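Heads up, query_27.pdb below (PDB, C-alpha atoms, pLDDT in the B column):
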ATOM      1  CA  MET A   1    -207.156 -70.584-131.028  1.00 39.00           C
ATOM      2  CA  THR A   2    -209.283 -73.294-129.463  1.00 41.00           C
ATOM      3  CA  ALA A   3    -212.446 -72.906-127.393  1.00 49.00           C
ATOM      4  CA  GLY A   4    -211.577 -72.106-123.791  1.00 53.00           C
ATOM      5  CA  GLU A   5    -208.299 -70.304-124.627  1.00 74.00           C
ATOM      6  CA  LEU A   6    -208.324 -66.527-124.911  1.00 83.00           C
ATOM      7  CA  ASP A   7    -205.218 -64.528-125.751  1.00 86.00           C
ATOM      8  CA  PRO A   8    -204.993 -61.766-123.099  1.00 89.00           C
ATOM      9  CA  GLN A   9    -203.728 -59.343-125.750  1.00 87.00           C
ATOM     10  CA  LEU A  10    -207.112 -59.547-127.495  1.00 86.00           C
ATOM     11  CA  LEU A  11    -208.646 -58.010-124.382  1.00 90.00           C
ATOM     12  CA  ALA A  12    -206.343 -54.995-124.438  1.00 88.00           C
ATOM     13  CA  SER A  13    -208.242 -53.378-127.329  1.00 85.00           C
ATOM     14  CA  MET A  14    -211.672 -53.860-125.727  1.00 88.00           C
ATOM     15  CA  ASP A  15    -213.272 -50.781-124.165  1.00 87.00           C
ATOM     16  CA  LEU A  16    -214.118 -52.774-121.031  1.00 89.00           C
ATOM     17  CA  PHE A  17    -210.488 -53.584-120.261  1.00 92.00           C
ATOM     18  CA  GLN A  18    -208.654 -50.482-121.446  1.00 91.00           C
ATOM     19  CA  GLY A  19    -205.968 -49.220-119.081  1.00 92.00           C
ATOM     20  CA  LEU A  20    -205.367 -52.567-117.379  1.00 94.00           C
ATOM     21  CA  PRO A  21    -201.858 -54.054-116.955  1.00 94.00           C
ATOM     22  CA  ALA A  22    -200.798 -57.321-118.579  1.00 94.00           C
ATOM     23  CA  ASP A  23    -201.174 -59.397-115.404  1.00 93.00           C
ATOM     24  CA  ALA A  24    -204.784 -58.190-115.001  1.00 94.00           C
ATOM     25  CA  LEU A  25    -205.590 -59.074-118.618  1.00 94.00           C
ATOM     26  CA  ALA A  26    -204.164 -62.560-118.070  1.00 94.00           C
ATOM     27  CA  THR A  27    -206.408 -63.049-115.024  1.00 93.00           C
ATOM     28  CA  ILE A  28    -209.471 -61.813-116.883  1.00 93.00           C
ATOM     29  CA  ALA A  29    -208.722 -64.073-119.857  1.00 93.00           C
ATOM     30  CA  ALA A  30    -208.425 -67.058-117.535  1.00 91.00           C
ATOM     31  CA  HIS A  31    -211.953 -66.403-116.217  1.00 91.00           C
ATOM     32  CA  ALA A  32    -213.546 -65.992-119.662  1.00 92.00           C
ATOM     33  CA  ARG A  33    -215.850 -68.525-121.252  1.00 93.00           C
ATOM     34  CA  LEU A  34    -214.949 -68.564-124.925  1.00 92.00           C
ATOM     35  CA  ARG A  35    -217.290 -69.850-127.646  1.00 94.00           C
ATOM     36  CA  HIS A  36    -217.009 -70.193-131.422  1.00 94.00           C
ATOM     37  CA  LEU A  37    -220.514 -69.621-132.821  1.00 96.00           C
ATOM     38  CA  ASP A  38    -221.914 -70.095-136.313  1.00 96.00           C
ATOM     39  CA  GLN A  39    -223.940 -67.451-138.120  1.00 93.00           C
ATOM     40  CA  GLY A  40    -227.532 -67.131-136.896  1.00 93.00           C
ATOM     41  CA  VAL A  41    -226.932 -68.500-133.392  1.00 96.00           C
ATOM     42  CA  ARG A  42    -229.045 -66.922-130.640  1.00 95.00           C
ATOM     43  CA  ILE A  43    -226.718 -66.057-127.762  1.00 95.00           C
ATOM     44  CA  PHE A  44    -229.537 -65.035-125.455  1.00 93.00           C
ATOM     45  CA  SER A  45    -233.247 -64.244-125.719  1.00 91.00           C
ATOM     46  CA  GLN A  46    -235.311 -61.320-124.520  1.00 91.00           C
ATOM     47  CA  GLY A  47    -236.474 -62.021-120.964  1.00 88.00           C
ATOM     48  CA  ASP A  48    -233.809 -64.628-120.137  1.00 88.00           C
ATOM     49  CA  LYS A  49    -232.610 -64.495-116.539  1.00 85.00           C
ATOM     50  CA  SER A  50    -229.250 -66.281-116.697  1.00 76.00           C
ATOM     51  CA  VAL A  51    -227.353 -63.080-117.403  1.00 81.00           C
ATOM     52  CA  ARG A  52    -223.666 -62.861-118.330  1.00 90.00           C
ATOM     53  CA  ALA A  53    -221.423 -60.047-119.552  1.00 90.00           C
ATOM     54  CA  HIS A  54    -220.554 -60.688-123.195  1.00 93.00           C
ATOM     55  CA  ALA A  55    -217.960 -59.341-125.628  1.00 92.00           C
ATOM     56  CA  VAL A  56    -217.356 -59.955-129.326  1.00 93.00           C
ATOM     57  CA  VAL A  57    -213.764 -60.987-130.015  1.00 91.00           C
ATOM     58  CA  GLU A  58    -214.287 -61.650-133.730  1.00 90.00           C
ATOM     59  CA  GLY A  59    -217.414 -61.414-135.879  1.00 91.00           C
ATOM     60  CA  GLY A  60    -220.598 -59.487-135.096  1.00 92.00           C
ATOM     61  CA  VAL A  61    -223.894 -59.636-133.209  1.00 95.00           C
ATOM     62  CA  ARG A  62    -227.303 -58.077-133.876  1.00 93.00           C
ATOM     63  CA  ILE A  63    -229.425 -56.920-130.925  1.00 93.00           C
ATOM     64  CA  ASP A  64    -233.189 -57.217-131.611  1.00 91.00           C
ATOM     65  CA  GLN A  65    -236.156 -56.334-129.418  1.00 89.00           C
ATOM     66  CA  SER A  66    -239.754 -57.521-129.808  1.00 85.00           C
ATOM     67  CA  GLY A  67    -242.844 -55.545-128.845  1.00 76.00           C
ATOM     68  CA  SER A  68    -246.061 -56.854-127.312  1.00 71.00           C
ATOM     69  CA  ASP A  69    -247.498 -57.255-130.837  1.00 74.00           C
ATOM     70  CA  GLY A  70    -244.589 -59.501-131.856  1.00 70.00           C
ATOM     71  CA  ALA A  71    -243.011 -56.941-134.180  1.00 75.00           C
ATOM     72  CA  GLN A  72    -239.220 -57.009-134.021  1.00 78.00           C
ATOM     73  CA  VAL A  73    -236.831 -54.098-134.424  1.00 85.00           C
ATOM     74  CA  VAL A  74    -233.034 -53.932-134.591  1.00 87.00           C
ATOM     75  CA  LEU A  75    -231.598 -51.843-131.756  1.00 87.00           C
ATOM     76  CA  ARG A  76    -227.878 -52.106-132.296  1.00 89.00           C
ATOM     77  CA  PHE A  77    -225.010 -53.990-133.888  1.00 92.00           C
ATOM     78  CA  ILE A  78    -222.051 -55.199-131.856  1.00 92.00           C
ATOM     79  CA  GLY A  79    -218.651 -55.361-133.534  1.00 89.00           C
ATOM     80  CA  PRO A  80    -215.274 -56.784-132.484  1.00 88.00           C
ATOM     81  CA  GLY A  81    -214.045 -55.509-129.136  1.00 87.00           C
ATOM     82  CA  GLU A  82    -217.497 -54.364-127.985  1.00 89.00           C
ATOM     83  CA  LEU A  83    -219.405 -55.333-124.858  1.00 88.00           C
ATOM     84  CA  PHE A  84    -223.079 -56.384-124.829  1.00 91.00           C
ATOM     85  CA  GLY A  85    -225.679 -57.886-122.509  1.00 87.00           C
ATOM     86  CA  THR A  86    -224.155 -56.239-119.437  1.00 83.00           C
ATOM     87  CA  LEU A  87    -226.788 -53.701-118.363  1.00 78.00           C
ATOM     88  CA  PRO A  88    -229.142 -56.346-116.837  1.00 80.00           C
ATOM     89  CA  LEU A  89    -226.386 -57.211-114.341  1.00 80.00           C
ATOM     90  CA  PHE A  90    -226.916 -53.796-112.796  1.00 79.00           C
ATOM     91  CA  VAL A  91    -230.710 -53.517-113.103  1.00 79.00           C
ATOM     92  CA  ASP A  92    -233.412 -56.231-113.110  1.00 80.00           C
ATOM     93  CA  GLY A  93    -231.349 -59.267-114.135  1.00 80.00           C
ATOM     94  CA  HIS A  94    -233.282 -59.897-117.377  1.00 85.00           C
ATOM     95  CA  TYR A  95    -231.990 -59.477-120.909  1.00 88.00           C
ATOM     96  CA  PRO A  96    -234.096 -56.737-122.568  1.00 87.00           C
ATOM     97  CA  ALA A  97    -233.490 -58.021-126.124  1.00 91.00           C
ATOM     98  CA  ASP A  98    -232.270 -60.919-128.274  1.00 93.00           C
ATOM     99  CA  ALA A  99    -228.654 -61.284-129.387  1.00 94.00           C
ATOM    100  CA  VAL A 100    -228.022 -63.176-132.652  1.00 95.00           C
ATOM    101  CA  THR A 101    -224.708 -63.726-134.447  1.00 95.00           C
ATOM    102  CA  LEU A 102    -224.384 -62.017-137.832  1.00 92.00           C
ATOM    103  CA  THR A 103    -221.543 -64.228-139.026  1.00 91.00           C
ATOM    104  CA  GLN A 104    -219.164 -66.772-137.542  1.00 93.00           C
ATOM    105  CA  THR A 105    -218.348 -65.188-134.211  1.00 94.00           C
ATOM    106  CA  LEU A 106    -215.893 -65.664-131.380  1.00 93.00           C
ATOM    107  CA  GLU A 107    -217.610 -64.591-128.169  1.00 94.00           C
ATOM    108  CA  ALA A 108    -216.227 -64.256-124.637  1.00 94.00           C
ATOM    109  CA  SER A 109    -218.375 -63.957-121.530  1.00 93.00           C
ATOM    110  CA  TRP A 110    -218.164 -63.710-117.765  1.00 93.00           C
ATOM    111  CA  SER A 111    -220.767 -64.558-115.128  1.00 91.00           C
ATOM    112  CA  GLU A 112    -222.211 -61.873-112.865  1.00 88.00           C
ATOM    113  CA  ASP A 113    -220.147 -63.088-109.909  1.00 90.00           C
ATOM    114  CA  GLU A 114    -216.976 -63.174-112.020  1.00 91.00           C
ATOM    115  CA  LEU A 115    -217.507 -59.676-113.406  1.00 89.00           C
ATOM    116  CA  LEU A 116    -218.288 -58.156-110.011  1.00 90.00           C
ATOM    117  CA  ALA A 117    -215.240 -59.863-108.489  1.00 93.00           C
ATOM    118  CA  LEU A 118    -213.091 -58.496-111.319  1.00 93.00           C
ATOM    119  CA  ILE A 119    -214.498 -54.990-110.787  1.00 92.00           C
ATOM    120  CA  HIS A 120    -213.651 -55.173-107.073  1.00 94.00           C
ATOM    121  CA  ARG A 121    -210.154 -56.387-107.904  1.00 95.00           C
ATOM    122  CA  TYR A 122    -209.594 -53.969-110.793  1.00 95.00           C
ATOM    123  CA  PRO A 123    -211.667 -50.779-110.253  1.00 95.00           C
ATOM    124  CA  GLN A 124    -210.663 -49.528-113.726  1.00 95.00           C
ATOM    125  CA  ILE A 125    -213.159 -52.045-115.158  1.00 93.00           C
ATOM    126  CA  GLY A 126    -215.965 -50.325-113.243  1.00 91.00           C
ATOM    127  CA  ILE A 127    -214.881 -46.943-114.592  1.00 93.00           C
ATOM    128  CA  ASN A 128    -214.815 -48.405-118.095  1.00 91.00           C
ATOM    129  CA  VAL A 129    -218.341 -49.820-117.654  1.00 88.00           C
ATOM    130  CA  ILE A 130    -219.594 -46.335-116.740  1.00 89.00           C
ATOM    131  CA  ARG A 131    -217.901 -44.866-119.821  1.00 90.00           C
ATOM    132  CA  ILE A 132    -219.401 -47.531-122.082  1.00 88.00           C
ATOM    133  CA  ILE A 133    -222.901 -47.014-120.693  1.00 86.00           C
ATOM    134  CA  GLY A 134    -222.486 -43.239-121.013  1.00 89.00           C
ATOM    135  CA  LYS A 135    -221.382 -43.603-124.636  1.00 87.00           C
ATOM    136  CA  ARG A 136    -224.372 -45.839-125.412  1.00 85.00           C
ATOM    137  CA  LEU A 137    -226.726 -43.342-123.743  1.00 87.00           C
ATOM    138  CA  GLN A 138    -225.254 -40.519-125.819  1.00 88.00           C
ATOM    139  CA  GLU A 139    -225.779 -42.614-128.952  1.00 85.00           C
ATOM    140  CA  VAL A 140    -229.435 -43.193-128.027  1.00 84.00           C
ATOM    141  CA  GLN A 141    -229.920 -39.461-127.410  1.00 87.00           C
ATOM    142  CA  ASN A 142    -228.405 -38.664-130.808  1.00 85.00           C
ATOM    143  CA  ARG A 143    -230.699 -41.156-132.502  1.00 82.00           C
ATOM    144  CA  VAL A 144    -233.774 -39.700-130.761  1.00 85.00           C
ATOM    145  CA  ARG A 145    -232.727 -36.212-131.876  1.00 84.00           C
ATOM    146  CA  GLU A 146    -232.223 -37.422-135.442  1.00 84.00           C
ATOM    147  CA  LEU A 147    -235.674 -39.026-135.461  1.00 82.00           C
ATOM    148  CA  ALA A 148    -237.266 -35.827-134.229  1.00 80.00           C
ATOM    149  CA  THR A 149    -235.449 -33.338-136.440  1.00 82.00           C
ATOM    150  CA  GLN A 150    -234.032 -34.964-139.571  1.00 86.00           C
ATOM    151  CA  ARG A 151    -235.465 -36.332-142.776  1.00 92.00           C
ATOM    152  CA  ALA A 152    -234.931 -39.982-143.677  1.00 93.00           C
ATOM    153  CA  GLU A 153    -231.914 -39.547-145.983  1.00 95.00           C
ATOM    154  CA  ARG A 154    -229.901 -37.788-143.277  1.00 94.00           C
ATOM    155  CA  ARG A 155    -230.831 -40.440-140.700  1.00 93.00           C
ATOM    156  CA  VAL A 156    -229.760 -43.266-143.006  1.00 95.00           C
ATOM    157  CA  ALA A 157    -226.477 -41.459-143.712  1.00 95.00           C
ATOM    158  CA  HIS A 158    -225.788 -41.087-139.984  1.00 93.00           C
ATOM    159  CA  ALA A 159    -226.603 -44.778-139.420  1.00 93.00           C
ATOM    160  CA  VAL A 160    -224.261 -45.995-142.174  1.00 95.00           C
ATOM    161  CA  LEU A 161    -221.458 -43.702-140.995  1.00 94.00           C
ATOM    162  CA  ARG A 162    -221.837 -44.991-137.418  1.00 91.00           C
ATOM    163  CA  LEU A 163    -221.588 -48.580-138.648  1.00 92.00           C
ATOM    164  CA  ALA A 164    -218.524 -47.718-140.734  1.00 92.00           C
ATOM    165  CA  ARG A 165    -216.812 -46.195-137.681  1.00 90.00           C
ATOM    166  CA  GLN A 166    -217.855 -49.106-135.502  1.00 86.00           C
ATOM    167  CA  ALA A 167    -216.932 -52.030-137.756  1.00 87.00           C
ATOM    168  CA  GLY A 168    -215.240 -50.555-140.809  1.00 89.00           C
ATOM    169  CA  LEU A 169    -212.404 -52.274-142.622  1.00 89.00           C
ATOM    170  CA  SER A 170    -210.260 -50.361-145.118  1.00 91.00           C
ATOM    171  CA  THR A 171    -210.342 -51.907-148.621  1.00 91.00           C
ATOM    172  CA  LEU A 172    -209.421 -50.824-152.135  1.00 91.00           C
ATOM    173  CA  ASP A 173    -213.048 -49.810-152.720  1.00 92.00           C
ATOM    174  CA  GLY A 174    -213.446 -47.888-149.468  1.00 93.00           C
ATOM    175  CA  THR A 175    -214.559 -48.646-145.914  1.00 94.00           C
ATOM    176  CA  ALA A 176    -216.305 -52.031-145.777  1.00 94.00           C
ATOM    177  CA  ILE A 177    -218.665 -52.763-142.892  1.00 92.00           C
ATOM    178  CA  GLU A 178    -217.485 -56.149-141.671  1.00 86.00           C
ATOM    179  CA  PHE A 179    -220.806 -57.836-140.970  1.00 87.00           C
ATOM    180  CA  PRO A 180    -223.761 -58.526-143.291  1.00 89.00           C
ATOM    181  CA  LEU A 181    -226.682 -56.111-143.226  1.00 90.00           C
ATOM    182  CA  ARG A 182    -230.242 -56.522-144.425  1.00 90.00           C
ATOM    183  CA  ARG A 183    -231.918 -53.419-145.764  1.00 92.00           C
ATOM    184  CA  LYS A 184    -234.438 -53.890-142.961  1.00 91.00           C
ATOM    185  CA  ASP A 185    -231.548 -53.561-140.515  1.00 91.00           C
ATOM    186  CA  VAL A 186    -230.605 -50.195-141.985  1.00 93.00           C
ATOM    187  CA  ALA A 187    -234.259 -49.129-141.914  1.00 93.00           C
ATOM    188  CA  ASP A 188    -234.648 -50.125-138.263  1.00 90.00           C
ATOM    189  CA  ILE A 189    -231.550 -48.363-136.966  1.00 90.00           C
ATOM    190  CA  SER A 190    -232.353 -45.195-138.906  1.00 91.00           C
ATOM    191  CA  GLY A 191    -236.024 -45.157-137.939  1.00 89.00           C
ATOM    192  CA  THR A 192    -237.511 -45.361-141.419  1.00 91.00           C
ATOM    193  CA  THR A 193    -239.425 -47.847-143.545  1.00 93.00           C
ATOM    194  CA  LEU A 194    -237.868 -50.674-145.524  1.00 94.00           C
ATOM    195  CA  HIS A 195    -239.123 -49.081-148.759  1.00 96.00           C
ATOM    196  CA  THR A 196    -237.535 -45.736-147.940  1.00 96.00           C
ATOM    197  CA  ALA A 197    -234.216 -47.209-146.815  1.00 95.00           C
ATOM    198  CA  SER A 198    -234.030 -49.379-149.949  1.00 95.00           C
ATOM    199  CA  ARG A 199    -234.784 -46.404-152.196  1.00 96.00           C
ATOM    200  CA  ILE A 200    -232.078 -44.291-150.531  1.00 96.00           C
ATOM    201  CA  LEU A 201    -229.417 -47.019-150.600  1.00 96.00           C
ATOM    202  CA  THR A 202    -230.173 -47.839-154.232  1.00 96.00           C
ATOM    203  CA  GLY A 203    -229.792 -44.169-155.146  1.00 96.00           C
ATOM    204  CA  TRP A 204    -226.466 -43.970-153.351  1.00 96.00           C
ATOM    205  CA  GLU A 205    -225.248 -47.094-155.151  1.00 96.00           C
ATOM    206  CA  LYS A 206    -226.131 -45.543-158.531  1.00 95.00           C
ATOM    207  CA  ALA A 207    -224.268 -42.384-157.496  1.00 96.00           C
ATOM    208  CA  GLY A 208    -221.178 -44.370-156.511  1.00 95.00           C
ATOM    209  CA  ILE A 209    -221.366 -43.355-152.829  1.00 96.00           C
ATOM    210  CA  LEU A 210    -221.462 -46.974-151.682  1.00 95.00           C
ATOM    211  CA  ILE A 211    -221.616 -50.500-153.029  1.00 95.00           C
ATOM    212  CA  THR A 212    -223.293 -53.664-151.754  1.00 92.00           C
ATOM    213  CA  ARG A 213    -221.855 -57.143-152.253  1.00 88.00           C
ATOM    214  CA  ASN A 214    -223.222 -60.216-150.493  1.00 85.00           C
ATOM    215  CA  ARG A 215    -225.225 -57.984-148.108  1.00 86.00           C
ATOM    216  CA  ARG A 216    -222.078 -56.115-147.075  1.00 89.00           C
ATOM    217  CA  LEU A 217    -221.948 -52.349-147.480  1.00 93.00           C
ATOM    218  CA  THR A 218    -218.790 -50.541-148.541  1.00 96.00           C
ATOM    219  CA  VAL A 219    -218.683 -46.763-148.237  1.00 96.00           C
ATOM    220  CA  CYS A 220    -216.793 -45.497-151.291  1.00 96.00           C
ATOM    221  CA  GLU A 221    -217.339 -41.762-150.812  1.00 95.00           C
ATOM    222  CA  PRO A 222    -217.395 -41.025-147.057  1.00 93.00           C
ATOM    223  CA  ALA A 223    -217.084 -37.268-147.600  1.00 94.00           C
ATOM    224  CA  GLU A 224    -220.251 -37.243-149.689  1.00 95.00           C
ATOM    225  CA  LEU A 225    -222.068 -39.342-147.105  1.00 94.00           C
ATOM    226  CA  ARG A 226    -220.974 -36.936-144.361  1.00 94.00           C
ATOM    227  CA  ARG A 227    -222.198 -34.029-146.491  1.00 94.00           C
ATOM    228  CA  ILE A 228    -225.634 -35.643-146.725  1.00 94.00           C
ATOM    229  CA  ALA A 229    -225.676 -36.393-142.993  1.00 92.00           C
ATOM    230  CA  GLU A 230    -224.759 -32.821-142.045  1.00 89.00           C
ATOM    231  CA  GLU A 231    -227.007 -30.924-144.450  1.00 79.00           C
ATOM    232  CA  SER A 232    -228.807 -27.944-142.941  1.00 59.00           C
ATOM    233  CA  PRO A 233    -232.153 -28.828-141.324  1.00 56.00           C
ATOM    234  CA  ASP A 234    -235.138 -28.858-143.669  1.00 49.00           C
TER     235      ASP A 234
END
Translate the structure of the given file into structure tokens.
Amino acid sequence: MTAGELDPQLLASMDLFQGLPADALATIAAHARLRHLDQGVRIFSQGDKSVRAHAVVEGGVRIDQSGSDGAQVVLRFIGPGELFGTLPLFVDGHYPADAVTLTQTLEASWSEDELLALIHRYPQIGINVIRIIGKRLQEVQNRVRELATQRAERRVAHAVLRLARQAGLSTLDGTAIEFPLRRKDVADISGTTLHTASRILTGWEKAGILITRNRRLTVCEPAELRRIAEESPD
């Protein structure tokens, strides 16, 4: 596949375009801007105003947000088939965070005018946008509840399981999370310190629950990880 050419069938598996007929997918693909990006490329920066709707076709993207003191925290990871950077189109027109590629990534995007025109032409896209935003809101609510009620080990277990569901690839060793993860990333998305996240992950590696190779996590014992995540409240 070359830059500028997007196979319409790749869109069929994306949440944003589910339920659309083949002719609609072909039209949407024709309007997409397709880019092959190296690892570590910043797709957009927090506060940027030139907003587009983005989707990962292959690879992965990390969403970071900086506070007024300059401290940066990981908000979310975007895997293949997932939408990102769309909310500003419907609110203030500014990206609320940075988006950086985790590995070599194939990214598709549409301008605000293109997306709105597509929604008017294919109302199913608008329904899908609402479902995606609702799913993300539910995820945020779950994370807030976990922070308020669960100890660190349970929160880390939930975070790793979410990543495995989101971007897991079946291997001989177990479910491998497709994109590289720093231990700080795991700490950020589970709301704990780097020291605590490292201690927990190291313990799980010694117990054979997961393995780490080249900053990629593989869940070897998902049932045990689910048991930890669902333990009775302390």
Using only C-alpha atoms, find each residue in region 21-108 of chain A having at least one atom no more than 12 Å away from region 192-215 of chain A; report its shortest atom-to-atom pair and that distance in Å (one decimal), rows by chain then rising number, as JSON lines.
{"residue": "A:Val73", "atom": "CA", "partner": "A:Thr192", "partner_atom": "CA", "distance": 11.2}
{"residue": "A:Val74", "atom": "CA", "partner": "A:Thr192", "partner_atom": "CA", "distance": 11.8}
{"residue": "A:Leu102", "atom": "CA", "partner": "A:Arg215", "partner_atom": "CA", "distance": 11.1}
{"residue": "A:Thr103", "atom": "CA", "partner": "A:Arg215", "partner_atom": "CA", "distance": 11.6}
Store the residues of this selection in a file with C-alpha atoms, as a PDB file, in the coordinates of the input.
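Result file is selection_24.pdb:
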ATOM      1  CA  VAL A  73    -236.831 -54.098-134.424  1.00 85.00           C
ATOM      2  CA  VAL A  74    -233.034 -53.932-134.591  1.00 87.00           C
ATOM      3  CA  LEU A 102    -224.384 -62.017-137.832  1.00 92.00           C
ATOM      4  CA  THR A 103    -221.543 -64.228-139.026  1.00 91.00           C
TER       5      THR A 103
END
Quick one: residues within 12 Å of Gln166 (chain A), all atoms listed in the file counted, chain neighbours fewer than 4 positions away excluded, as an MDAnalysis selection string? chainID A and resid 60 76:82 159:162 175:179
Near-region 32-39 of chain A list (8 Å; all atoms listed in the file; drop same-chain fewer than 2 positions) as an MDAnalysis selection string: chainID A and resid 3:6 28:30 41 101:110
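The spacing separating CA of Leu118 (chain A) from CA of Thr27 (chain A) amounts to 8.9 Å.
Between CA of Pro96 (chain A) and CA of Ile43 (chain A) there is a distance of 13.0 Å.
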Check which residues satisfy the PyMOL selection byres ((chain A and resi 53) around 12) in the file shown, then give them as a ChimeraX atom specification. /A:16,31-34,43-44,50-52,54-56,82-90,93,95,107-116,118,129
Let me make sure I understand: among A:Phe17, A:Pro180, A:Pro8, A:Arg143, which one has the smallest atom-to-atom distance to Ile119 (chain A) if we use all atoms listed in the file? A:Phe17
Which residues, named as in the file, does the PyMOL selection byres ((chain A and resi 67-72) around 10) pick out? Answer as a short mmCIF file (atom, residue, chain, number, x, y, z; two decimals) with C-alpha atoms, keeping the file's coordinate frame.
data_model
loop_
_atom_site.label_atom_id
_atom_site.label_comp_id
_atom_site.auth_asym_id
_atom_site.auth_seq_id
_atom_site.Cartn_x
_atom_site.Cartn_y
_atom_site.Cartn_z
CA ASP A 64 -233.19 -57.22 -131.61
CA GLN A 65 -236.16 -56.33 -129.42
CA SER A 66 -239.75 -57.52 -129.81
CA VAL A 73 -236.83 -54.10 -134.42
CA VAL A 74 -233.03 -53.93 -134.59
CA LEU A 75 -231.60 -51.84 -131.76
CA ALA A 97 -233.49 -58.02 -126.12
CA ASP A 98 -232.27 -60.92 -128.27
CA ASP A 188 -234.65 -50.12 -138.26
#
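Between CA of Pro21 (chain A) and CA of Gln9 (chain A) the separation is 10.4 Å.
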Find the axis-aligned box for region 209-221 of chain A, covering all its listed atoms and adding 4 Å on each side, and write its centre and edge lengths in Å to one decimal as JSON.
{"center_x": -221.0, "center_y": -51.0, "center_z": -150.1, "size_x": 16.4, "size_y": 26.5, "size_z": 14.0}
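Selection around (-234.1, -33.8, -136.8) with radius 12 Å, counting only C-alpha atoms, yields the residues Gln141, Asn142, Arg143, Val144, Arg145, Glu146, Leu147, Ala148, Thr149, Gln150, Arg151, Ala152, Glu153, Arg154, Arg155, His158, Ser190, Gly191, Ala229, Glu230, Glu231, Ser232, Pro233 and Asp234 of chain A.
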Starting from the structure just given, write a file holding region 19-43 of chain A with C-alpha atoms, as a CSV table (one decimal), in the first residue's frame.
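Result file follows (out.csv):
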chain,number,residue,atom,x,y,z
A,19,GLY,CA,-22.6,-0.9,9.5
A,20,LEU,CA,-21.8,1.0,6.3
A,21,PRO,CA,-22.2,-0.5,2.8
A,22,ALA,CA,-19.2,-1.1,0.5
A,23,ASP,CA,-20.0,1.9,-1.7
A,24,ALA,CA,-19.9,4.2,1.4
A,25,LEU,CA,-16.6,2.8,2.5
A,26,ALA,CA,-15.1,3.4,-0.9
A,27,THR,CA,-16.2,7.0,-0.8
A,28,ILE,CA,-14.8,7.5,2.7
A,29,ALA,CA,-11.5,5.9,1.7
A,30,ALA,CA,-11.2,8.2,-1.3
A,31,HIS,CA,-11.5,11.2,1.1
A,32,ALA,CA,-8.9,10.0,3.6
A,33,ARG,CA,-5.4,11.4,4.0
A,34,LEU,CA,-3.1,8.5,4.5
A,35,ARG,CA,0.3,8.8,6.2
A,36,HIS,CA,3.0,6.3,7.0
A,37,LEU,CA,4.7,7.5,10.2
A,38,ASP,CA,7.9,6.4,12.0
A,39,GLN,CA,8.0,5.7,15.7
A,40,GLY,CA,8.1,8.8,17.9
A,41,VAL,CA,6.4,11.1,15.4
A,42,ARG,CA,4.1,13.7,17.0
A,43,ILE,CA,0.8,13.7,15.0
